[in-house]
Protein chains: 2
Amino acid sequence: MNLTFRQLKVFEAVSRHLNYTNAAKELHLSQPAVSMQIKQLEEQVSIPLIEKMGKKLYLTEVGLEMQDYARSTMQQLLDLEETIAQMKSMKRGHLKLAVASTANHFVIRLLARFAKVYPKISISLDVTNRSSLLELLKKNECDLVIMGRPPEGYNLQSAPFLENPLVVVSNPHHYLADKEHVSLEELEKEDFVVREQGSGTRSAAKRFFTEHNLTFKTKMDMSNNRAIKHAAEEGLGLAIVSVHTLEIELKAKTLKILNVEGFPIFRNWYVVQREGKRLSPIAKVFNDYIIQEADNMMLNFDIPHF
Amino acid sequence: MNLTFRQLKVFEAVSRHLNYTNAAKELHLSQPAVSMQIKQLEEQVSIPLIEKMGKKLYLTEVGLEMQDYARSTMQQLLDLEETIAQMKSMKRGHLKLAVASTANHFVIRLLARFAKVYPKISISLDVTNRSSLLELLKKNECDLVIMGRPPEGYNLQSAPFLENPLVVVSNPHHYLADKEHVSLEELEKEDFVVREQGSGTRSAAKRFFTEHNLTFKTKMDMSNNRAIKHAAEEGLGLAIVSVHTLEIELKAKTLKILNVEGFPIFRNWYVVQREGKRLSPIAKVFNDYIIQEADNMMLNFDIPHF
DNA sequence: ATTATACATAAACAAAACCTTATGATAAAC
DNA sequence: GTTTATCATAAGGTTTTGTTTATGTATAAT
């Protein structure tokens with residue numbers, strides 16, 4: 001059976017008017033054109049849909065069924081058009097986002113604002129580590145990723161959109177905590193609690209030490225930023241973390257930023273996508289949004305500025 | 001927007017395989033044919049549905065929406081086909097019947113049997129008087145009508161399918177009730193309770209009297225067969241009614257059939273339709289069914305035979 | 001009986017849809 | 001680098017679809 005939407009449309013008009021001529025007028029067709037469409041439809045289902053008794057037309061039982069079908073199909077088509085139109089205009093849609101766990105905090109703030117502007121957008125946010133993020137990009141399982149500087153050679157397209165100041169923190173009772181200036185020599189003597197191999201923060205810190213010809217004593221590594229901060233709180237060592245993750249700890253005074261020579265290290269947060277990926281309309285808007293709004297928004301953060 | 005079922009079908013296959021070549025094989029098409037269908041569909045909605053990244057295909061957000069739509073639309077089409085097939089094979093359908101109120105009783109028996117054979121058929125039964133029946137036929141508001149002999153000049157097609165014996169009944173205590181033979185002369189002296197003008201039973205009785213040169217004393221006329229029988233029970237007069245309506249009264253012995261010369265008058269029940277009406281499959285089957293089965297079935301009736 | 005109205009049918013034509021083969025481009029696998 | 005797999009594009013031709021005009025037929029109204 002091979003119906004066409006056209007046949008259904010014509011049939012629906014005829015079934016409504018019960019009059020070929022008027023249906024033809026409505027559809028801006030000639031009367032025979034309507035006759036033929038109906039005839040073809042009847043051939044498809046090989047059973048009469050309309051019967052003519054005297055001058056009047058009646059729908060047969062199957063005709064009534066077909067009328068229901070035609071109407072529901074056409075309604076569905078309208079719904080589809082509506083949905084697509086909304087998606088195009090970004091009134092609706094779905095945004096699949098993944099962020100580095102260290103970026104979680106401020107990305108949520110960004111999202112909260114964004115969601116207010118586009119209330120019908122739904123969002124999935126995957127918070128995970130750097131290597132999983134790269135995996136997600138490779139499998140094309142998300143629209144955009146927010147992370148530190150992405151590695152070369154992955155066919156990625158990225159744009160920095162926010163400064164990411166890395167600072168050294170310690171337990172407030174640490175002996176360096178109250179010093180006005182901490183020199184690099186003093187820093188070198190300390191043990192550090194760091195993220196796992198592959199972490200952007202870790203490699204940035206490592207690079208800093210290497211560039212200044214210092215050894216970097218990593219006493220412990222952990223895969224979770226919260227755990228690192230907790231370790232520092234407990235006095236297991238110093239930690240080098242993004243200021244953006246410190247809001248609560250600074251407020252609660254469980255950690256203190258050390259005023260170390262050469263710190264903060266300014267790195268950037270990047271919004272990353274697969275090279276050549278055609279972003280969905282909503283993803284494109286979000287991409288532009290964060291590049292434009294992020295800095296602006298950070299002014300409202302209750303965290304130290306440098 | 002003017003999609004085609006073909007586009008949807010091809011798109012669905014592609015969205016399932018995420019591979020044009022395999023989809024083409026499934027559809028017994030060349031690969032470019034598939035490419036073109038997808039391209040046209042994308043042009044219709046003027047937004048990409050599929051994106052190719054490297055060698056892999058992915059559905060865009062709108063593509064996912066379209067996949068849902070395609071599937072549901074195709075499912076609906078299958079449902080429609082199924083429904084139509086069932087209607088054709090009479091596994092399903094609706095039968096609109098109207099019967100003369102005097103035929104009500106035995107028609108219900110017929111229907112009960114018929115419904116057992118075609119359990120998914122639904123039936124409307126309109127029980128009404130003769131003139132309403134003719135009106136229903138004229139307006140094409142029912143498939144078949146069961147009534148006495150239909151009048152000429154209404155463009156009707158009819159077939160007799162069951163004898164309708166008319167008998168004279170009275171209160172059991174009536175002085176004629178116990179006579180072995182009642183002559184026409186004796187009958188002529190009696191008063192009768194009859195149906196309204198236009199009733200088939202009434203005109204049959206009238207004809208009988210006229211043919212035998214007798215006067216027909218109609219003391220009272222009523223529009224309801226039950227009322228007539230009740231009047232006879234109460235001794236208001238004799239009544240001429242179809243045996244088929246007497247089952248209960250005979251069993252309860254509230255009425256008695258008089259053994260009158262020339263009675264019963266044999267008339268027929270007819271199944272009637274508009275001339276030229278193409279019956280629905282189920283109506284056609286019912287029509288044939290009652291013509292074939294009615295006599296047979298009456299053998300099981302617990303009523304007198306002649 | 002005549003006329004008006006409405007659907008059916010036929011013929012002819014135009015447009016479009018659709019498919020195939022051949023070829024090109026790109027990316028992944030070897 | 002070469003090969004292989006996969007999709008895109010182009011060209012060509014066939015089929016199908018969709019129209020229109022003209023005409024036929026049946027019904028209902030006058």
# chains A, B, ... in the order shown; residues from 1 in each chain; ligands from 1
$ closest_atom_pairs --of "chain A" --to "chain B" --cutoff "10 Å" --atoms "only C-alpha atoms" --output "JSON lines"
{"residue": "A:Met1", "atom": "CA", "partner": "B:Glu81", "partner_atom": "CA", "distance": 7.9}
{"residue": "A:Asn2", "atom": "CA", "partner": "B:Phe5", "partner_atom": "CA", "distance": 7.8}
{"residue": "A:Leu3", "atom": "CA", "partner": "B:Phe5", "partner_atom": "CA", "distance": 7.4}
{"residue": "A:Thr4", "atom": "CA", "partner": "B:Thr4", "partner_atom": "CA", "distance": 6.4}
{"residue": "A:Phe5", "atom": "CA", "partner": "B:Thr4", "partner_atom": "CA", "distance": 6.4}
{"residue": "A:Arg6", "atom": "CA", "partner": "B:Asn2", "partner_atom": "CA", "distance": 8.5}
{"residue": "A:Val45", "atom": "CA", "partner": "B:Ile84", "partner_atom": "CA", "distance": 7.7}
{"residue": "A:Ser46", "atom": "CA", "partner": "B:Ile84", "partner_atom": "CA", "distance": 9.5}
{"residue": "A:Ile47", "atom": "CA", "partner": "B:Lys88", "partner_atom": "CA", "distance": 8.1}
{"residue": "A:Pro48", "atom": "CA", "partner": "B:Arg278", "partner_atom": "CA", "distance": 9.0}
{"residue": "A:Glu51", "atom": "CA", "partner": "B:Arg278", "partner_atom": "CA", "distance": 7.6}
{"residue": "A:Lys52", "atom": "CA", "partner": "B:Lys277", "partner_atom": "CA", "distance": 8.6}
{"residue": "A:Met53", "atom": "CA", "partner": "B:Lys277", "partner_atom": "CA", "distance": 7.0}
{"residue": "A:Gly54", "atom": "CA", "partner": "B:Gly276", "partner_atom": "CA", "distance": 9.3}
{"residue": "A:Lys56", "atom": "CA", "partner": "B:Lys139", "partner_atom": "CA", "distance": 9.6}
{"residue": "A:Tyr58", "atom": "CA", "partner": "B:Asn140", "partner_atom": "CA", "distance": 8.3}
{"residue": "A:Thr60", "atom": "CA", "partner": "B:Ser280", "partner_atom": "CA", "distance": 7.2}
{"residue": "A:Glu61", "atom": "CA", "partner": "B:Ser280", "partner_atom": "CA", "distance": 7.0}
{"residue": "A:Val62", "atom": "CA", "partner": "B:Ile84", "partner_atom": "CA", "distance": 6.6}
{"residue": "A:Gly63", "atom": "CA", "partner": "B:Ile84", "partner_atom": "CA", "distance": 9.7}
{"residue": "A:Glu65", "atom": "CA", "partner": "B:Leu80", "partner_atom": "CA", "distance": 7.9}
{"residue": "A:Met66", "atom": "CA", "partner": "B:Leu80", "partner_atom": "CA", "distance": 7.7}
{"residue": "A:Asp68", "atom": "CA", "partner": "B:Leu80", "partner_atom": "CA", "distance": 9.8}
{"residue": "A:Tyr69", "atom": "CA", "partner": "B:Leu80", "partner_atom": "CA", "distance": 7.2}
{"residue": "A:Ser72", "atom": "CA", "partner": "B:Gln76", "partner_atom": "CA", "distance": 9.3}
{"residue": "A:Thr73", "atom": "CA", "partner": "B:Thr73", "partner_atom": "CA", "distance": 7.0}
{"residue": "A:Gln76", "atom": "CA", "partner": "B:Tyr69", "partner_atom": "CA", "distance": 7.9}
{"residue": "A:Leu77", "atom": "CA", "partner": "B:Tyr69", "partner_atom": "CA", "distance": 8.3}
{"residue": "A:Leu78", "atom": "CA", "partner": "B:Met1", "partner_atom": "CA", "distance": 9.3}
{"residue": "A:Asp79", "atom": "CA", "partner": "B:Tyr69", "partner_atom": "CA", "distance": 9.5}
{"residue": "A:Leu80", "atom": "CA", "partner": "B:Tyr69", "partner_atom": "CA", "distance": 7.2}
{"residue": "A:Glu81", "atom": "CA", "partner": "B:Met1", "partner_atom": "CA", "distance": 7.9}
{"residue": "A:Thr83", "atom": "CA", "partner": "B:Glu65", "partner_atom": "CA", "distance": 8.3}
{"residue": "A:Ile84", "atom": "CA", "partner": "B:Val62", "partner_atom": "CA", "distance": 6.6}
{"residue": "A:Ala85", "atom": "CA", "partner": "B:Val45", "partner_atom": "CA", "distance": 8.9}
{"residue": "A:Met87", "atom": "CA", "partner": "B:Val62", "partner_atom": "CA", "distance": 7.4}
{"residue": "A:Lys88", "atom": "CA", "partner": "B:Ile47", "partner_atom": "CA", "distance": 8.1}
{"residue": "A:Gly93", "atom": "CA", "partner": "B:Glu61", "partner_atom": "CA", "distance": 7.5}
{"residue": "A:His94", "atom": "CA", "partner": "B:Glu61", "partner_atom": "CA", "distance": 7.4}
{"residue": "A:Leu95", "atom": "CA", "partner": "B:Glu61", "partner_atom": "CA", "distance": 9.1}
{"residue": "A:Lys138", "atom": "CA", "partner": "B:Met53", "partner_atom": "CA", "distance": 9.7}
{"residue": "A:Lys139", "atom": "CA", "partner": "B:Lys56", "partner_atom": "CA", "distance": 9.3}
{"residue": "A:Asn140", "atom": "CA", "partner": "B:Tyr58", "partner_atom": "CA", "distance": 8.0}
{"residue": "A:Glu141", "atom": "CA", "partner": "B:Tyr58", "partner_atom": "CA", "distance": 9.4}
{"residue": "A:Arg274", "atom": "CA", "partner": "B:Met53", "partner_atom": "CA", "distance": 8.8}
{"residue": "A:Glu275", "atom": "CA", "partner": "B:Met53", "partner_atom": "CA", "distance": 8.9}
{"residue": "A:Gly276", "atom": "CA", "partner": "B:Met53", "partner_atom": "CA", "distance": 7.6}
{"residue": "A:Lys277", "atom": "CA", "partner": "B:Met53", "partner_atom": "CA", "distance": 7.1}
{"residue": "A:Arg278", "atom": "CA", "partner": "B:Glu51", "partner_atom": "CA", "distance": 7.5}
{"residue": "A:Leu279", "atom": "CA", "partner": "B:Thr60", "partner_atom": "CA", "distance": 8.8}
{"residue": "A:Ser280", "atom": "CA", "partner": "B:Glu61", "partner_atom": "CA", "distance": 7.0}
{"residue": "A:Pro281", "atom": "CA", "partner": "B:Glu61", "partner_atom": "CA", "distance": 9.5}
{"residue": "A:Ile282", "atom": "CA", "partner": "B:Glu61", "partner_atom": "CA", "distance": 9.9}
$ interface_residues --of "chain B" --to "chain C" --cutoff "10 Å" --atoms "only C-alpha atoms (C1' of nucleotides)" --output "PyMOL selection string"
chain B and resi 29-30+32-34+36-37+53-56
$ atom_distance --atom1 "atom CA of A:Cys142" --atom2 "atom CA of B:His17"
20.3 Å
$ select_by_dssp --residues "stretch 127-280 of chain B" --states "strand (DSSP E)" --output "tab-separated table (two decimals) with C-alpha atoms, in the first residue's frame"
chain	number	residue	atom	x	y	z
B	127	VAL	CA	-36.33	-0.25	16.58
B	128	THR	CA	-38.95	2.05	15.20
B	144	LEU	CA	-30.37	-2.58	6.18
B	145	VAL	CA	-33.94	-2.44	7.39
B	146	ILE	CA	-36.13	-5.32	8.41
B	147	MET	CA	-39.81	-4.70	7.94
B	156	LEU	CA	-35.82	0.25	-2.53
B	157	GLN	CA	-34.47	-3.20	-3.01
B	158	SER	CA	-35.97	-5.88	-0.84
B	159	ALA	CA	-35.98	-9.60	-0.34
B	160	PRO	CA	-38.45	-11.68	1.69
B	161	PHE	CA	-36.64	-13.92	4.09
B	162	LEU	CA	-39.14	-15.18	6.65
B	163	GLU	CA	-42.82	-15.97	6.76
B	164	ASN	CA	-44.81	-13.73	9.00
B	165	PRO	CA	-47.99	-15.48	10.07
B	166	LEU	CA	-50.68	-13.12	11.30
B	167	VAL	CA	-53.18	-14.56	13.70
B	168	VAL	CA	-56.23	-13.43	15.58
B	169	VAL	CA	-55.81	-13.34	19.33
B	170	SER	CA	-58.11	-12.69	22.23
B	192	PHE	CA	-60.66	-5.05	16.65
B	193	VAL	CA	-57.81	-3.19	18.20
B	194	VAL	CA	-55.33	-2.31	15.47
B	195	ARG	CA	-52.09	-0.50	14.69
B	218	THR	CA	-61.59	-1.12	14.22
B	219	LYS	CA	-62.57	-0.01	17.63
B	220	MET	CA	-59.29	1.47	18.64
B	221	ASP	CA	-55.92	2.07	17.09
B	222	MET	CA	-52.58	2.26	18.82
B	238	LEU	CA	-59.65	-8.94	19.18
B	239	ALA	CA	-56.24	-8.23	17.68
B	240	ILE	CA	-54.47	-9.37	14.56
B	241	VAL	CA	-50.78	-9.69	15.20
B	242	SER	CA	-47.68	-11.49	14.06
B	256	LYS	CA	-55.03	-17.14	22.96
B	257	ILE	CA	-54.85	-17.68	19.23
B	265	ILE	CA	-52.55	-14.86	6.94
B	266	PHE	CA	-49.10	-15.48	5.61
B	267	ARG	CA	-47.14	-12.37	4.92
B	268	ASN	CA	-43.37	-11.97	4.84
B	269	TRP	CA	-40.61	-10.16	6.61
B	270	TYR	CA	-38.33	-8.37	4.20
B	271	VAL	CA	-34.78	-7.21	4.42
B	272	VAL	CA	-34.64	-3.87	2.65
B	273	GLN	CA	-31.94	-1.54	1.37
B	274	ARG	CA	-31.67	1.50	-0.84
$ interface_residues --of "chain D" --to "chain B" --cutoff "9 Å" --atoms "only C-alpha atoms (C1' of nucleotides)" --output "number ranges by chain"
D: 5-9
$ select_by_dssp --residues "stretch 19-158 of chain B" --states "alpha helix (DSSP H)" --output "MDAnalysis selection string"
chainID B and resid 20:27 31:45 61:88 104:117 130:138
$ residues_around --residues "B:Glu261" --least-positions-apart "4" --cutoff "10 Å" --atoms "only C-alpha atoms (C1' of nucleotides)" --output "VMD selection string"
chain B and resid 181 to 187
$ write_last_selection --atoms "C-alpha atoms" --output "PDB file, in the first residue's frame"
ATOM      1  CA  HIS B 181     -63.514 -23.281  14.439  1.00  0.00           C
ATOM      2  CA  VAL B 182     -64.401 -19.667  14.120  1.00  0.00           C
ATOM      3  CA  SER B 183     -66.122 -18.691  10.898  1.00  0.00           C
ATOM      4  CA  LEU B 184     -65.637 -15.422   9.092  1.00  0.00           C
ATOM      5  CA  GLU B 185     -69.190 -14.446   9.850  1.00  0.00           C
ATOM      6  CA  GLU B 186     -68.477 -14.765  13.547  1.00  0.00           C
ATOM      7  CA  LEU B 187     -65.296 -12.791  13.112  1.00  0.00           C
TER       8      LEU B 187
END
$ atom_distance --atom1 "atom CA of A:Leu27" --atom2 "atom CA of A:Ala70"
15.6 Å
$ residues_around --residues "B:His230" --least-positions-apart "5" --cutoff "10 Å" --atoms "only C-alpha atoms (C1' of nucleotides)" --output "ChimeraX atom specification"
/B:170-171,193,225,235-236,239,249,254-255
$ atom_distance --atom1 "atom CA of B:Gln44" --atom2 "atom CA of A:Ser89"
16.7 Å
